[in-house]
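Asks: Have a peek at target_32.txt (compact mmCIF, C-alpha atoms).
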# COMPACT_ATOMS: atom_id res chain seq x y z
CA MET A 35 87.29 114.82 117.48
CA LYS A 36 87.46 118.49 116.44
CA GLU A 37 89.71 119.32 119.38
CA LEU A 38 92.02 116.43 118.49
CA ILE A 39 92.19 117.59 114.87
CA ARG A 40 93.18 121.08 116.02
CA GLU A 41 95.93 119.67 118.25
CA VAL A 42 97.30 117.54 115.42
CA PHE A 43 97.44 120.42 112.97
CA GLU A 44 99.00 122.79 115.51
CA CYS A 45 101.58 120.31 116.87
CA ASN A 46 105.22 121.41 116.50
CA LEU A 47 107.05 118.63 118.38
CA CYS A 48 108.69 117.34 115.22
CA SER A 49 110.17 120.59 113.97
CA ASP A 50 113.42 118.77 113.13
CA ILE A 51 111.94 117.15 110.04
CA ALA A 52 110.86 118.90 106.88
CA ALA A 53 107.20 118.51 107.65
CA PHE A 54 104.86 120.37 105.33
CA GLU A 55 101.51 119.58 106.85
CA LYS A 56 99.85 117.22 109.26
CA THR A 57 97.36 114.66 108.03
CA PHE A 58 93.88 113.84 109.22
CA TYR A 59 91.20 112.28 107.05
CA TYR A 60 88.01 112.36 109.14
CA ASN A 61 86.18 114.49 111.67
CA ASN A 62 83.28 112.13 112.43
CA PRO A 63 84.61 108.57 112.47
CA SER A 64 82.31 105.58 112.92
CA PRO A 65 83.80 102.62 110.96
CA GLU A 66 84.59 99.25 112.53
CA ILE A 67 87.85 98.67 110.62
CA GLY A 68 91.02 100.74 110.97
CA ILE A 69 93.81 101.10 108.40
CA LEU A 70 96.89 102.25 110.32
CA MET A 71 99.59 103.46 107.95
CA GLN A 72 103.16 104.57 108.64
CA ASN A 73 103.23 108.22 107.57
CA PRO A 74 101.72 110.27 104.75
CA ALA A 75 103.89 110.87 101.72
CA PHE A 76 105.15 114.35 100.92
CA PRO A 77 102.45 116.06 98.83
CA SER A 78 102.70 116.57 95.10
CA LYS A 79 102.95 120.13 93.80
CA LYS A 80 99.25 120.08 92.92
CA GLU A 81 98.17 118.81 96.33
CA LYS A 82 100.54 121.21 98.09
CA SER A 83 98.97 124.11 96.22
CA GLU A 84 95.47 122.99 97.17
CA LEU A 85 96.49 122.61 100.82
CA GLN A 86 98.00 126.09 100.84
CA ASN A 87 94.66 127.46 99.61
CA ALA A 88 92.73 125.54 102.26
CA ILE A 89 92.08 127.97 105.10
CA THR A 90 90.31 125.88 107.73
CA PHE A 91 91.18 122.47 109.13
CA GLU A 92 88.00 121.12 107.55
CA GLU A 93 89.10 122.35 104.12
CA GLN A 94 92.52 120.75 104.58
CA ILE A 95 90.87 117.46 105.50
CA GLN A 96 88.73 117.63 102.36
CA VAL A 97 91.87 118.00 100.25
CA GLN A 98 93.59 115.12 102.04
CA VAL A 99 90.58 112.84 101.61
CA LYS A 100 90.55 113.70 97.91
CA TYR A 101 94.13 112.50 97.52
CA LEU A 102 93.60 109.52 99.81
CA ARG A 103 90.85 108.40 97.45
CA GLU A 104 93.15 108.96 94.48
CA TRP A 105 95.84 106.81 96.14
CA VAL A 106 93.37 103.98 96.83
CA SER A 107 92.11 104.17 93.24
CA ASN A 108 95.67 104.00 91.89
CA SER A 109 96.70 101.14 94.20
CA GLY A 110 94.52 98.47 92.65
CA HIS A 111 97.28 95.84 92.95
CA PHE A 112 96.51 95.84 96.67
CA PHE A 113 93.06 97.27 97.28
CA LYS A 114 91.15 95.23 94.68
CA PRO A 115 92.05 91.83 96.19
CA PHE A 116 91.95 93.31 99.70
CA PHE A 117 88.36 94.53 99.33
CA ILE A 118 87.32 91.30 97.59
CA LEU A 119 88.78 89.18 100.39
CA LEU A 120 87.16 91.22 103.16
CA LYS A 121 83.80 90.99 101.41
CA GLN A 122 84.18 87.21 101.10
CA LYS A 123 84.76 87.04 104.86
CA GLY A 124 81.68 89.14 105.58
CA LEU A 125 83.60 92.12 107.00
CA ILE A 126 82.43 94.62 104.38
CA SER A 127 79.73 94.69 101.71
CA TYR A 128 79.30 96.40 98.37
CA ASP A 129 77.41 95.80 95.14
CA GLU A 130 80.08 96.58 92.56
CA LEU A 131 83.80 96.68 93.31
CA ALA A 132 84.84 99.40 90.85
CA ASN A 133 82.16 101.75 92.14
CA TYR A 134 83.14 100.98 95.74
CA ARG A 135 86.80 101.82 95.00
CA TYR A 136 86.35 104.87 92.81
CA SER A 137 83.40 106.49 94.61
CA GLY A 138 85.04 106.27 98.03
CA GLY A 139 82.33 103.97 99.39
CA TYR A 140 84.98 102.28 101.54
CA LEU A 141 85.27 105.44 103.66
CA SER A 142 82.17 104.36 105.55
CA ASP A 143 83.77 100.98 106.32
CA PHE A 144 87.38 101.97 107.06
CA TYR A 145 89.05 104.58 109.23
CA PHE A 146 92.38 105.57 107.66
CA PHE A 147 94.96 107.04 110.03
CA ASP A 148 98.72 107.49 110.24
CA ALA A 149 101.09 106.47 113.01
CA VAL A 150 103.08 109.64 112.20
CA LYS A 151 100.94 112.60 111.24
CA CYS A 152 103.61 114.81 109.63
CA ARG A 153 103.80 114.87 105.86
CA SER A 154 107.51 114.48 105.32
CA VAL A 155 110.06 112.47 103.39
CA THR A 156 109.71 108.93 104.72
CA LYS A 157 113.45 108.40 105.18
CA ASP A 158 113.50 111.29 107.68
CA ILE A 159 110.96 109.63 109.99
CA THR A 160 112.49 108.16 113.16
CA LEU A 161 111.28 106.35 116.27
CA GLU A 162 111.06 109.71 118.04
CA HIS A 163 108.43 110.87 115.56
CA PHE A 164 106.37 107.72 116.12
CA THR A 165 106.62 108.33 119.87
CA ASN A 166 105.59 111.97 119.57
CA CYS A 167 102.48 111.00 117.59
CA SER A 168 101.50 108.01 119.74
CA ARG A 169 99.35 110.23 121.95
CA PHE A 170 97.30 111.20 118.91
CA VAL A 171 96.82 107.56 117.89
CA GLU A 172 95.64 106.77 121.43
CA ARG A 173 93.22 109.70 121.35
CA GLU A 174 91.87 108.44 118.04
CA LEU A 175 91.31 104.99 119.52
CA ASP A 176 89.51 106.63 122.46
CA GLN A 177 87.04 108.20 120.04
CA LEU A 178 86.79 105.24 117.67
CA SER A 179 84.39 103.37 119.91
CA LYS A 180 83.21 101.08 117.09
CA ILE A 181 86.64 99.98 115.88
CA LYS A 182 87.00 96.20 116.16
CA ILE A 183 89.85 95.45 113.73
CA ILE A 184 93.03 97.31 112.81
CA PHE A 185 95.25 96.47 109.86
CA SER A 186 98.75 97.77 110.61
CA PHE A 187 100.89 98.43 107.53
CA SER A 188 104.71 98.46 107.29
CA SER A 189 107.52 97.22 109.50
CA ARG A 190 108.06 100.45 111.41
CA THR A 191 104.37 100.93 112.10
CA TRP A 192 104.20 97.41 113.53
CA GLU A 193 107.42 97.83 115.54
CA HIS A 194 106.05 100.91 117.27
CA PHE A 195 102.53 99.50 117.63
CA LYS A 196 103.68 96.33 119.39
CA GLU A 197 105.93 98.30 121.73
CA LYS A 198 103.07 100.62 122.61
CA PHE A 199 100.14 98.20 122.83
CA ASN A 200 101.68 94.77 123.52
CA PRO A 201 99.60 92.71 121.04
CA ARG A 202 99.11 89.00 121.75
CA LEU A 203 98.72 86.20 119.24
CA VAL A 204 95.15 84.96 119.38
CA LYS A 205 95.88 81.47 118.07
CA LYS A 206 97.86 79.82 120.86
CA ASP A 207 99.31 76.99 118.77
CA VAL A 208 101.02 79.36 116.30
CA GLN A 209 104.78 79.73 116.73
CA LEU A 210 106.45 82.70 115.06
CA ASN A 211 110.18 82.89 114.39
CA ASN A 212 110.09 86.45 115.68
CA MET A 213 107.70 89.36 115.99
CA LYS A 214 108.97 91.27 112.97
CA VAL A 215 106.32 92.15 110.42
CA THR A 216 107.63 89.62 107.87
CA SER A 217 106.91 86.83 110.38
CA ALA A 218 103.79 88.37 111.91
CA HIS A 219 102.29 89.28 108.51
CA GLY A 220 98.68 88.14 108.22
CA HIS A 221 98.53 86.66 111.71
CA HIS A 222 95.75 87.55 114.07
CA PHE A 223 96.61 89.46 117.25
CA SER A 224 94.57 91.23 119.92
CA ILE A 225 95.19 94.14 122.26
CA LEU A 226 93.34 95.12 125.40
CA TYR A 227 92.85 98.85 125.13
CA LYS A 228 91.07 100.46 128.08
CA ASN A 229 88.85 97.42 128.67
CA ARG A 230 88.17 96.97 124.95
CA ILE A 231 89.48 94.09 122.88
CA ILE A 232 90.69 95.25 119.47
CA TYR A 233 91.94 92.72 116.92
CA VAL A 234 95.05 93.58 114.93
CA ILE A 235 96.51 92.07 111.76
CA PRO A 236 99.99 93.36 110.81
CA LEU A 237 100.87 93.48 107.12
CA VAL A 238 104.02 94.34 105.22
CA HIS A 239 103.79 97.56 103.24
CA MET A 240 101.50 97.34 100.23
CA SER A 241 103.77 99.28 97.86
CA GLU A 242 104.15 97.58 94.49
CA ARG A 243 107.90 97.12 94.95
CA ILE A 244 107.56 95.28 98.26
CA PHE A 245 104.33 93.60 97.22
CA ASN A 246 105.93 92.09 94.10
CA ASN A 247 109.37 91.29 95.50
CA LEU A 248 108.69 90.09 99.04
CA LEU A 249 105.57 87.98 99.35
CA ARG A 250 103.98 88.05 95.90
CA ASN A 251 100.84 85.88 95.85
CA SER A 252 101.41 84.67 99.40
CA TYR A 253 100.62 88.19 100.67
CA PHE A 254 96.91 87.40 100.60
CA ASP A 255 97.31 83.72 101.47
CA TYR A 256 98.67 84.66 104.87
CA LEU A 257 96.11 87.42 105.28
CA GLU A 258 93.24 85.05 104.49
CA GLU A 259 94.37 82.67 107.22
CA GLY A 260 94.38 85.51 109.75
CA LEU A 261 90.95 86.67 108.63
CA ASP A 262 89.55 83.15 108.96
CA GLU A 263 90.75 83.08 112.57
CA LEU A 264 89.19 86.48 113.16
CA VAL A 265 85.84 85.59 111.59
CA ASN A 266 85.66 82.38 113.61
CA ILE A 267 86.12 84.32 116.82
CA LYS A 268 83.62 87.01 115.87
Could the structure of this file be written out as structure tokens, please?
Replies:
Amino acid sequence: MKELIREVFECNLCSDIAAFEKTFYYNNPSPEIGILMQNPAFPSKKEKSELQNAITFEEQIQVQVKYLREWVSNSGHFFKPFFILLKQKGLISYDELANYRYSGGYLSDFYFFDAVKCRSVTKDITLEHFTNCSRFVERELDQLSKIKIIFSFSSRTWEHFKEKFNPRLVKKDVQLNNMKVTSAHGHHFSILYKNRIIYVIPLVHMSERIFNNLLRNSYFDYLEEGLDELVNIK
């Protein structure tokens, strides 16, 4: 994993975008659940200053994990019901939810990674950037030998993921209008990756704007159905 981290941080394929830094959150991954996000947001002034003072890759990762934890703590509209639901389905365990969220206990259960590693303005990210980073995502999957489930967030993440990995609906009697994330949201897919079956559940972005305006309470209704299918198979 250390060699992969070095390659990510030293990559210059996407020099056309205003990338400040690359993002990596772990150097010794072992969780069974992956959270695949679209791309990391451009850092705040405070985070940017801390990253500039971080000399080694390990120090940069420590800063990025710090702000990942802050983001999870501040995104209770999504992560509180998400963690509760996964505990109900027996996929994670914790004693007290607030402590699990604020202490970062979930970092032992989830592997957070980005489809695009560059920290840039989201509107500047194109398909080319997803393609350039796909080799890193594959290398991560190679080393994530315990990963059994991936939650894929956002439409563009799902569009690239399905083109790259050709996911298949697990439940044969389900008919989707199309394979866009708004139709695939919460459904249970699988991919065959180098002789390993990995289950995938695509989800629309969990931002408050989309969360409140698009699916509202049905966001977790659809997700629960997909998780029930997954648990029954496991």
Asks: Which residues come within 10 Å of Gln177 (chain A), counting all atoms listed in the file, excluding same-chain residues fewer than 3 positions away, as a list in words?
Replies: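 The residues that qualify are Met35, Leu38, Asn62, Pro63, Ser64, Glu172, Arg173, Glu174, Lys180 and Ile181 of chain A.
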Asks: Considering all atoms listed in the file, can you say which of A:Arg135, A:Thr216, A:Glu37, A:Asp158 comes closest to Gly110 (chain A)?
Replies: A:Arg135
Asks: With 9 Å as the threshold, what does the neighbourhood of (110.1, 91.9, 113.2) contain in terms of residues, counting only C-alpha atoms? Coordinates are those of the file; answer as a PyMOL selection string.
Replies: chain A and resi 189-190+192-193+212-218
Asks: Which one is closest to Glu66 (chain A): A:Asn266, A:Ser179, A:Ser224, A:Ser186? Count all atoms listed in the file.
Replies: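 Among A:Asn266, A:Ser179, A:Ser224, A:Ser186, it is A:Ser179 that comes nearest to Glu66 (chain A).
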Asks: May I ask for the distance between CA of Ala75 (chain A) and CA of Ile95 (chain A), given in Å to one decimal place?
Replies: 15.1 Å
Asks: Work out where the centre of an axis-aligned box around every listed atom of region 66-70 of chain A lies and how long its edges are once 4 Å is added on each side; give both in Å to one decimal as JSON.
Replies:
{"center_x": 90.7, "center_y": 100.5, "center_z": 110.5, "size_x": 20.3, "size_y": 11.6, "size_z": 12.1}
Asks: Could you check how far CA of His222 (chain A) sits from CA of Glu197 (chain A), in Å to one decimal?
Replies: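 Atom-to-atom, CA of His222 (chain A) to CA of Glu197 (chain A), that is 16.7 Å.
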Asks: Residues within 12 Å of Ile183 (chain A), please, as an MDAnalysis selection string. Count all atoms listed in the file; anything in the same chain fewer than 3 positions from it doesn't count.
Replies: chainID A and resid 65:70 120 125:126 143:145 175 178:180 186 222:225 230:236 260:261 264:265 268
Asks: Pick from A:Leu257, A:Val155, A:Cys45, A:Ala88: nearest to Phe170 (chain A), with all atoms listed in the file counted?
Replies: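 For Phe170 (chain A), the nearest of the given residues is A:Cys45.
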Asks: In Å to one decimal, how far is CA of Leu237 (chain A) from CA of Phe117 (chain A)?
Replies: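 Separation of CA of Phe117 (chain A) and CA of Leu237 (chain A): 14.8 Å.
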Asks: I'd like to know which of A:Tyr134, A:Phe147, A:Tyr227, A:Phe91 is closest to Phe113 (chain A), using all atoms listed in the file.
Replies: A:Tyr134
Asks: Rank A:Asn73, A:Asn229, A:Thr57, A:Ser107 by their smallest atom-to-atom distance to Gly139 (chain A), using only C-alpha atoms, and report the top residue only.
Replies: A:Ser107
Asks: Fewer than 6 positions away in the same chain doesn't count, so skip those; otherwise give me all residues within 10 Å of region 160-162 of chain A, counting only C-alpha atoms, as a list in words.
Replies: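 The residues that qualify are Leu47, Cys48, Ile51, Val150, Ser168, Arg190, Thr191, Glu193 and His194 of chain A.
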Asks: Let's have the selection written as an mmCIF file, in the coordinates of the input, with C-alpha atoms.
Replies:
data_model
loop_
_atom_site.group_PDB
_atom_site.id
_atom_site.type_symbol
_atom_site.label_atom_id
_atom_site.label_comp_id
_atom_site.auth_asym_id
_atom_site.auth_seq_id
_atom_site.Cartn_x
_atom_site.Cartn_y
_atom_site.Cartn_z
ATOM 1 C CA LEU A 47 107.050 118.630 118.380
ATOM 2 C CA CYS A 48 108.690 117.340 115.220
ATOM 3 C CA ILE A 51 111.940 117.150 110.040
ATOM 4 C CA VAL A 150 103.080 109.640 112.200
ATOM 5 C CA SER A 168 101.500 108.010 119.740
ATOM 6 C CA ARG A 190 108.060 100.450 111.410
ATOM 7 C CA THR A 191 104.370 100.930 112.100
ATOM 8 C CA GLU A 193 107.420 97.830 115.540
ATOM 9 C CA HIS A 194 106.050 100.910 117.270
#
Asks: Given only C-alpha atoms as the basis, pick out the residue of A:Asn87, A:Ser127, A:Ser137, A:Ser252 nearest to Lys100 (chain A).
Replies: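 Using only C-alpha atoms, the shortest distance to Lys100 (chain A) belongs to A:Ser137.
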Asks: When you look at Tyr136 (chain A) with a cut-off of 12 Å (counting all atoms listed in the file), what residues show up, excluding the ones that are within fewer than 5 positions of it in the same chain? I need them as a list in words.
Replies: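 My list of contacting residues is Lys100, Tyr101, Leu102, Arg103, Glu104, Trp105, Val106, Ser107, Asn108, Ser109, Gly110, Phe113, Lys114, Glu130, Leu131 and Leu141 of chain A.
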